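One structure is given below, encoded as structure tokens.
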Amino acid sequence: MLLAAQASQGGGSMGFLIMMIAIFAIMWFFMIRPQQKKQKEIRNFQNALKEGDKIVTGGGVHGTVRRVNLAENVVEVEIARGVVITVDKNYVFANAAASQNTAR
């Protein structure tokens, strides 16, 4: 009788372990993986920046890329006629032209 009780307890802990692994797998599939894919897309966009691209910075500033300085990892962005700001390339997050097309 005592052996049967111990065997059933061991099976319960194995079920709990399987449940925890399943919860982690579901969390990874629905939360972590999509975030990693989004970060990869942003990194690819940042590496492909060129003059004339319409962009949105992390602060929400819309503008047009005027110059990309790879040595200093910065982008010069024209936000109004004759107004050029320098932004760290890592803070350029979106293609403004593509986001405007999807909003319509």
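Labels used: A, B, ... for chains in the order of the structure tokens, numbers from 1 for residues in each chain, and numbers from 1 for ligands as shown.
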
Taking the chain letters and numbering used in this document, name the residues of chain A that DSSP puts in alpha helix (DSSP H), as a ChimeraX atom specification. /A:2-27,33-47,96-103

Those same residues, written as a PDB file, in the first residue's frame with C-alpha atoms?
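Output file selection05.pdb is given in full below:
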```pdb
ATOM      1  CA  LEU A   2       2.824   2.393   0.903  1.00  0.00           C
ATOM      2  CA  LEU A   3       4.637   1.681  -2.384  1.00  0.00           C
ATOM      3  CA  ALA A   4       1.493   2.418  -4.387  1.00  0.00           C
ATOM      4  CA  ALA A   5       1.081   5.795  -2.640  1.00  0.00           C
ATOM      5  CA  GLN A   6       4.710   6.746  -3.354  1.00  0.00           C
ATOM      6  CA  ALA A   7       4.372   5.735  -7.018  1.00  0.00           C
ATOM      7  CA  SER A   8       1.293   7.892  -7.461  1.00  0.00           C
ATOM      8  CA  GLN A   9       3.079  10.906  -5.929  1.00  0.00           C
ATOM      9  CA  GLY A  10       6.003  10.503  -8.343  1.00  0.00           C
ATOM     10  CA  GLY A  11       3.617  10.507 -11.288  1.00  0.00           C
ATOM     11  CA  GLY A  12       2.037  13.728 -10.046  1.00  0.00           C
ATOM     12  CA  SER A  13       5.341  15.563  -9.974  1.00  0.00           C
ATOM     13  CA  MET A  14       6.118  14.306 -13.478  1.00  0.00           C
ATOM     14  CA  GLY A  15       2.783  15.672 -14.690  1.00  0.00           C
ATOM     15  CA  PHE A  16       3.571  19.023 -13.056  1.00  0.00           C
ATOM     16  CA  LEU A  17       6.958  19.127 -14.796  1.00  0.00           C
ATOM     17  CA  ILE A  18       5.369  18.386 -18.170  1.00  0.00           C
ATOM     18  CA  MET A  19       2.754  21.095 -17.541  1.00  0.00           C
ATOM     19  CA  MET A  20       5.457  23.669 -16.721  1.00  0.00           C
ATOM     20  CA  ILE A  21       7.408  22.778 -19.870  1.00  0.00           C
ATOM     21  CA  ALA A  22       4.228  23.116 -21.947  1.00  0.00           C
ATOM     22  CA  ILE A  23       3.441  26.532 -20.422  1.00  0.00           C
ATOM     23  CA  PHE A  24       6.978  27.756 -21.148  1.00  0.00           C
ATOM     24  CA  ALA A  25       6.770  26.471 -24.751  1.00  0.00           C
ATOM     25  CA  ILE A  26       3.450  28.244 -25.312  1.00  0.00           C
ATOM     26  CA  MET A  27       4.808  31.461 -23.781  1.00  0.00           C
ATOM     27  CA  ARG A  33       9.436  34.499 -30.688  1.00  0.00           C
ATOM     28  CA  PRO A  34       7.319  37.271 -32.304  1.00  0.00           C
ATOM     29  CA  GLN A  35       9.276  39.926 -30.389  1.00  0.00           C
ATOM     30  CA  GLN A  36      12.574  38.465 -31.636  1.00  0.00           C
ATOM     31  CA  LYS A  37      11.267  38.469 -35.215  1.00  0.00           C
ATOM     32  CA  LYS A  38      10.176  42.115 -34.892  1.00  0.00           C
ATOM     33  CA  GLN A  39      13.596  43.127 -33.528  1.00  0.00           C
ATOM     34  CA  LYS A  40      15.288  41.340 -36.425  1.00  0.00           C
ATOM     35  CA  GLU A  41      13.085  43.215 -38.936  1.00  0.00           C
ATOM     36  CA  ILE A  42      13.945  46.558 -37.303  1.00  0.00           C
ATOM     37  CA  ARG A  43      17.682  45.732 -37.321  1.00  0.00           C
ATOM     38  CA  ASN A  44      17.520  44.783 -41.022  1.00  0.00           C
ATOM     39  CA  PHE A  45      15.668  48.045 -41.777  1.00  0.00           C
ATOM     40  CA  GLN A  46      18.271  50.076 -39.871  1.00  0.00           C
ATOM     41  CA  ASN A  47      21.125  48.399 -41.749  1.00  0.00           C
ATOM     42  CA  ALA A  96       7.167  56.167 -42.654  1.00  0.00           C
ATOM     43  CA  ALA A  97       6.034  55.523 -46.237  1.00  0.00           C
ATOM     44  CA  ALA A  98       5.113  51.913 -45.460  1.00  0.00           C
ATOM     45  CA  SER A  99       3.302  52.803 -42.227  1.00  0.00           C
ATOM     46  CA  GLN A 100       1.256  55.487 -44.011  1.00  0.00           C
ATOM     47  CA  ASN A 101       0.251  53.032 -46.753  1.00  0.00           C
ATOM     48  CA  THR A 102      -0.965  50.426 -44.244  1.00  0.00           C
ATOM     49  CA  ALA A 103      -2.945  53.018 -42.246  1.00  0.00           C
TER      50      ALA A 103
END
```

Would you pick out the contacts of Val65 of chain A at 7 Å or less, using only C-alpha atoms, so that residues sharing its chain but fewer than 6 positions from it are not included, and give the list as a PyMOL selection string? chain A and resi 50-54+75-78

Please, could you write that set of residues out with N, CA and C atoms as a PDB file, in the first residue's frame?
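The file below, out22.pdb, is the result:
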```pdb
ATOM      1  N   LYS A  50      19.084  54.297 -46.449  1.00  0.00           N
ATOM      2  CA  LYS A  50      19.798  55.018 -47.503  1.00  0.00           C
ATOM      3  C   LYS A  50      19.182  56.399 -47.650  1.00  0.00           C
ATOM      4  N   GLU A  51      19.881  57.263 -48.337  1.00  0.00           N
ATOM      5  CA  GLU A  51      19.399  58.630 -48.532  1.00  0.00           C
ATOM      6  C   GLU A  51      18.047  58.624 -49.239  1.00  0.00           C
ATOM      7  N   GLY A  52      17.154  59.488 -48.766  1.00  0.00           N
ATOM      8  CA  GLY A  52      15.841  59.607 -49.375  1.00  0.00           C
ATOM      9  C   GLY A  52      14.754  58.772 -48.715  1.00  0.00           C
ATOM     10  N   ASP A  53      15.127  57.843 -47.837  1.00  0.00           N
ATOM     11  CA  ASP A  53      14.123  57.034 -47.132  1.00  0.00           C
ATOM     12  C   ASP A  53      13.326  57.907 -46.170  1.00  0.00           C
ATOM     13  N   LYS A  54      12.034  57.698 -46.120  1.00  0.00           N
ATOM     14  CA  LYS A  54      11.184  58.387 -45.155  1.00  0.00           C
ATOM     15  C   LYS A  54      11.094  57.483 -43.933  1.00  0.00           C
ATOM     16  N   VAL A  75      22.460  59.026 -38.287  1.00  0.00           N
ATOM     17  CA  VAL A  75      21.718  59.345 -39.502  1.00  0.00           C
ATOM     18  C   VAL A  75      21.320  60.809 -39.417  1.00  0.00           C
ATOM     19  N   GLU A  76      21.525  61.557 -40.486  1.00  0.00           N
ATOM     20  CA  GLU A  76      21.045  62.931 -40.548  1.00  0.00           C
ATOM     21  C   GLU A  76      19.670  62.896 -41.193  1.00  0.00           C
ATOM     22  N   VAL A  77      18.685  63.452 -40.471  1.00  0.00           N
ATOM     23  CA  VAL A  77      17.290  63.389 -40.890  1.00  0.00           C
ATOM     24  C   VAL A  77      16.771  64.811 -41.090  1.00  0.00           C
ATOM     25  N   GLU A  78      16.176  65.068 -42.248  1.00  0.00           N
ATOM     26  CA  GLU A  78      15.545  66.358 -42.505  1.00  0.00           C
ATOM     27  C   GLU A  78      14.093  66.254 -42.058  1.00  0.00           C
TER      28      GLU A  78
END
```

Please, what distance in Å, to one decimal, runs between atom CA of Phe93 of chain A and atom CA of Phe30 of chain A?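 Straight-line distance from atom CA of Phe93 of chain A to atom CA of Phe30 of chain A works out to 22.2 Å.
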
For atom CA of Met31 of chain A and atom CA of Leu49 of chain A, quote the distance in Å rounded to one decimal.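 Computing it gives 27.9 Å between the two atoms.
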
DSSP says strand (DSSP E) for which residues of chain A? Put them as a PyMOL selection string? chain A and resi 54-57+62-69+74-80+83-88+92-95
